[in-house]
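S.K.: The structure is given below, and queries will be raised subsequently.
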Amino acid sequence: MGKVTKVSGPLVIANGLSEANVSDVVRVGEQHLIGEILNMTGDSASIQVYEETSGLGPGAEVVTTGMPLSVELGPGMLENIYDGIQRPLPEIKAATGDTIARGVSIPALNRDKVWEFKAVAKEGDQIKAGDILGTVQETTALLHKIMLPPQVDHGTVKWVKEGSFKVEDKIACIIKDDGSEVELDMIQRWPVRIGRPYANKFTPDRPLNSGQRIIDTMFPVAKGGTAAVPGPFGSGKTVVQHQLAKWSDVDVVVYIGCGERGNEMTDVLNEFPELNDPRTGESLMKRTVLIANTSDMPVAAREASIYTGITIAEYFRDMGYDVAVLADSTSRWAEALREMSGRLEEMPGEEGYPAYLASRIAQFYERAGSVKCYGSDNRRGSITAIGAVSPPGGDISEPVSQATMRIVKVFWALDSSLAYARHFPAINWLTSYTLYTDNLGPYYESEFGPEYMANRNRALRILQEEAELQEIVRLVGQDALSPKDRLTLEIARMIREDFLQQNAFVDEDAYSPYGKQFRLLDLILRYEDECRAALLKGADLQGLFNISAREDIGRAKMADPEKYNEVYDVIIEKIKAEISEVQAGGEEE
């Protein structure tokens, strides 16, 4: 037991903790505030307190738990809402009211709820870490697999029960190789700052289908990959994160509201339970874990929330599931690091951020990946980490953006001018990039043929040419351009408005499957091919622009996802027929 000697905001200095270790969780003062030891000097410890420290003073008692900051992993996490250190907010509200009482201690997993456990392992089975003992149907959307914890390397099943149990009830007994016995319940505890182990890591080679055309076609991210969404205030970072959470073809979504405004988290909490999951037709919350650490909550817990979220994601990954971790935003997390570093009187780095900022950001993103899970079977799971970055004034030359860009392989640069023009998603196609195209190329070729990547590259080239031509238009006007260049500008406008822009309020356009994306872009480029061929034969450019099939192309993205092929085939035939008429008129003249 130690005594507090100094209090500086969330940083507390205490003496008399010679038995404690760095990263131990401690309880501070009469209210038993939760804290974590950051460093030790002799028997003096610097403690990061995860709750408001007002009223705390020198002489208050500090008691170490002897354990690092850990999360509880087991049935009951899905559909739940946690704060940054995995305290269940709905249960806290029921116990203490609308305001979180300081020092409140409620288990992360409900101890009273009964789960139906079905055994997979049998008495006498030889099992090793990661093998599945049994399953629990946690929600209608996900089968929760109860695994042998990584701490138990190998052993023999002495007995395993089946039936209705609470999470703390013993469900199995394992005889380890040294003869000792371990009785297991359905809870695993894991330190949040240590990545969970896996058997092997693969190069990501499957795309994450988000249903957003500018993401999936132009700048795709692989399952098990990393991406960043930087942008200034009001450019739509949170909107992009919400769309990814709603539509991504993953099994589990872990959404971390890290330092976000309270009204934005309120929107998430109100919206997600009402959303229908396109995979199951039920509420999206049935495969979602929400971690809410808003900007008015203690800053220290904000720093921990990122680790809490990625550890929960690793647990579901170990079951063989694809998981998306959406962190909104890592800039607020970095600001929490900066504040704590300043209170610790560490040497500041660029713009006051700690010198280890880049390595901390790397540690978070490197826990993503596509892996072979622990266990005897060949389960494969993935974590896709997507972090929003909020650079002050939209200046991505600041340290957090630059450190993130060095780590992630996909960069969706948001543009406030596009957002103000009501172009959503407001991702700038000239400054964004992806490094996964080589890895994903074989998948696209096997699914859609070589035309998929050829069309994607061609569309990006047209958009780049448009940017160059716009410089000329600003100087001398559009009339000075050749018909070919004017056609390029028109095709680029069609790609922007008829392909890249999406309406989240229209069901047919909010989500676009890969097949529909491929056919829609191909439709626009087919129109370009027919126009260029007709121009060579003397067709009138304005006549080519005025054909009625142009309106059909503009409405093509609203086609029924089940019937788009037939609709697009009809439009292509109409384009050919109408352009032939324009061409014939030009030849007669």
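Naming scheme: A, B, ... for chains in displayed order of the structure tokens; residues 1 onward per chain; ligands 1 onward as shown.
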Using the chain letters and numbers from this document, which residues of segment 304-518 of chain A does DSSP assign to helix (DSSP H, G or I), as an MDAnalysis selection string?

M.R.: chainID A and resid 304:318 330:343 350:352 357:365 392:394 399:407 416:420 437:448 451:476 478:480 483:500 507:510 514:518

S.K.: Could you give me, as a list in words, the residues within 9 Å of Leu357 of chain A, counting only C-alpha atoms and dropping anything in the same chain fewer than 5 positions from it?

M.R.: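 Everything that qualifies: Ala334, Leu337, Arg338, Gly349, Ala362, Pro399, Val400 and Ala403 of chain A.
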
S.K.: Would you mind telling me which residue in A:Ile215, A:Leu269, A:Val299, A:Ala454 lies nearest to Leu414 of chain A when using only C-alpha atoms?

M.R.: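 Closest candidate: A:Ile215.
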
S.K.: What's the 8 Å shell around segment 568-579 of chain A, counting only C-alpha atoms, without same-chain residues fewer than 3 positions away, as number ranges by chain?

M.R.: A: 519-520, 523, 526-527, 530-531, 534, 544, 547-549, 552-553, 556, 564-565, 582-583

S.K.: Could you write out the selected residues, including N, CA, C and O atoms, as a CSV table (one decimal), in the first residue's frame?

M.R.:
```csv
chain,number,residue,atom,x,y,z
A,519,ARG,N,-19.9,-3.2,-63.5
A,519,ARG,CA,-20.7,-3.0,-64.7
A,519,ARG,C,-21.0,-1.5,-64.9
A,519,ARG,O,-21.1,-1.0,-66.0
A,520,LEU,N,-21.2,-0.8,-63.7
A,520,LEU,CA,-21.5,0.6,-63.8
A,520,LEU,C,-20.4,1.4,-64.4
A,520,LEU,O,-20.6,2.3,-65.3
A,523,LEU,N,-20.0,0.6,-68.0
A,523,LEU,CA,-21.0,1.3,-68.8
A,523,LEU,C,-20.6,2.7,-69.3
A,523,LEU,O,-20.7,3.1,-70.4
A,526,ARG,N,-17.8,2.4,-71.8
A,526,ARG,CA,-18.3,2.0,-73.1
A,526,ARG,C,-18.9,3.2,-73.8
A,526,ARG,O,-18.7,3.3,-75.1
A,527,TYR,N,-19.6,4.0,-73.1
A,527,TYR,CA,-20.1,5.3,-73.8
A,527,TYR,C,-18.9,6.1,-74.3
A,527,TYR,O,-19.0,6.6,-75.4
A,530,GLU,N,-17.6,4.5,-77.6
A,530,GLU,CA,-18.5,4.7,-78.7
A,530,GLU,C,-18.4,6.1,-79.2
A,530,GLU,O,-18.4,6.4,-80.4
A,531,CYS,N,-18.3,7.1,-78.3
A,531,CYS,CA,-18.2,8.5,-78.6
A,531,CYS,C,-16.9,8.8,-79.4
A,531,CYS,O,-16.9,9.5,-80.4
A,534,ALA,N,-17.1,7.4,-82.9
A,534,ALA,CA,-18.0,8.3,-83.7
A,534,ALA,C,-17.3,9.6,-84.1
A,534,ALA,O,-17.5,10.1,-85.2
A,544,LEU,N,-23.6,13.9,-79.6
A,544,LEU,CA,-23.2,12.7,-78.8
A,544,LEU,C,-23.6,13.0,-77.3
A,544,LEU,O,-24.0,12.0,-76.6
A,547,ILE,N,-27.7,12.6,-76.5
A,547,ILE,CA,-28.6,11.4,-76.7
A,547,ILE,C,-29.3,11.1,-75.4
A,547,ILE,O,-28.8,11.3,-74.3
A,548,SER,N,-30.5,10.5,-75.5
A,548,SER,CA,-31.3,10.2,-74.3
A,548,SER,C,-30.7,9.1,-73.4
A,548,SER,O,-31.0,9.1,-72.2
A,549,ALA,N,-29.8,8.3,-74.0
A,549,ALA,CA,-29.1,7.3,-73.2
A,549,ALA,C,-28.3,7.9,-72.1
A,549,ALA,O,-28.0,7.2,-71.1
A,552,ASP,N,-30.1,7.8,-69.0
A,552,ASP,CA,-30.2,6.4,-68.5
A,552,ASP,C,-28.9,6.1,-67.7
A,552,ASP,O,-29.0,5.4,-66.7
A,553,ILE,N,-27.8,6.6,-68.2
A,553,ILE,CA,-26.5,6.3,-67.5
A,553,ILE,C,-26.5,7.0,-66.2
A,553,ILE,O,-26.1,6.5,-65.1
A,556,ALA,N,-28.4,5.0,-63.8
A,556,ALA,CA,-28.0,3.6,-63.7
A,556,ALA,C,-27.6,3.1,-62.3
A,556,ALA,O,-27.9,2.0,-62.0
A,564,TYR,N,-29.6,-5.4,-62.1
A,564,TYR,CA,-28.8,-4.4,-62.8
A,564,TYR,C,-28.2,-4.9,-64.1
A,564,TYR,O,-28.1,-4.1,-65.1
A,565,ASN,N,-27.9,-6.2,-64.2
A,565,ASN,CA,-27.3,-6.7,-65.4
A,565,ASN,C,-28.2,-6.5,-66.6
A,565,ASN,O,-27.8,-6.0,-67.7
A,582,VAL,N,-26.5,9.5,-84.5
A,582,VAL,CA,-25.7,10.8,-84.6
A,582,VAL,C,-24.6,10.7,-85.6
A,582,VAL,O,-24.4,11.7,-86.4
A,583,GLN,N,-23.9,9.6,-85.6
A,583,GLN,CA,-22.8,9.4,-86.6
A,583,GLN,C,-23.3,9.5,-88.0
A,583,GLN,O,-22.7,10.1,-88.9
```

S.K.: Go through A:Arg380, A:Val136, A:Gln126, A:Lys170 one by one, measure the shortest atom-to-atom distance of each to Thr156 of chain A using only C-alpha atoms, and give the residue with the smallest value.

M.R.: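 Nearest candidate to Thr156 of chain A out of A:Arg380, A:Val136, A:Gln126, A:Lys170: A:Gln126.
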
S.K.: Could you give me, as a ChimeraX atom specification, the residues within 12 Å of Asn276 of chain A, counting only C-alpha atoms and dropping anything in the same chain fewer than 4 positions from it?

M.R.: /A:141,245-247,271-272,280-287,507

S.K.: Could you list, as a list in words, every residue within 7 Å of Ala492 of chain A, counting only C-alpha atoms and ignoring same-chain residues fewer than 4 positions away?

M.R.: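 Result of the neighbour search: Ile462, Leu463, Glu466, Thr488 and Arg496 of chain A.
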
S.K.: Write out, as a JSON list (two decimals), in the first residue's frame, the residues just selected, with N, CA, C and O atoms.

M.R.:
```json
[["chain", "number", "residue", "atom", "x", "y", "z"],
["A", 462, "ILE", "N", -8.35, 9.21, -66.43],
["A", 462, "ILE", "CA", -9.26, 10.24, -66.96],
["A", 462, "ILE", "C", -9.45, 11.36, -65.94],
["A", 462, "ILE", "O", -9.44, 12.55, -66.29],
["A", 463, "LEU", "N", -9.59, 11.00, -64.66],
["A", 463, "LEU", "CA", -9.75, 12.01, -63.62],
["A", 463, "LEU", "C", -8.49, 12.88, -63.48],
["A", 463, "LEU", "O", -8.58, 14.08, -63.22],
["A", 466, "GLU", "N", -8.49, 15.23, -66.37],
["A", 466, "GLU", "CA", -9.45, 16.31, -66.15],
["A", 466, "GLU", "C", -8.82, 17.43, -65.32],
["A", 466, "GLU", "O", -8.99, 18.61, -65.62],
["A", 488, "THR", "N", -13.19, 14.19, -72.89],
["A", 488, "THR", "CA", -12.52, 13.73, -71.65],
["A", 488, "THR", "C", -13.12, 14.42, -70.43],
["A", 488, "THR", "O", -13.38, 13.78, -69.41],
["A", 496, "ARG", "N", -17.35, 11.16, -61.91],
["A", 496, "ARG", "CA", -17.50, 11.79, -60.59],
["A", 496, "ARG", "C", -18.94, 11.74, -60.09],
["A", 496, "ARG", "O", -19.20, 11.34, -58.95]]
```
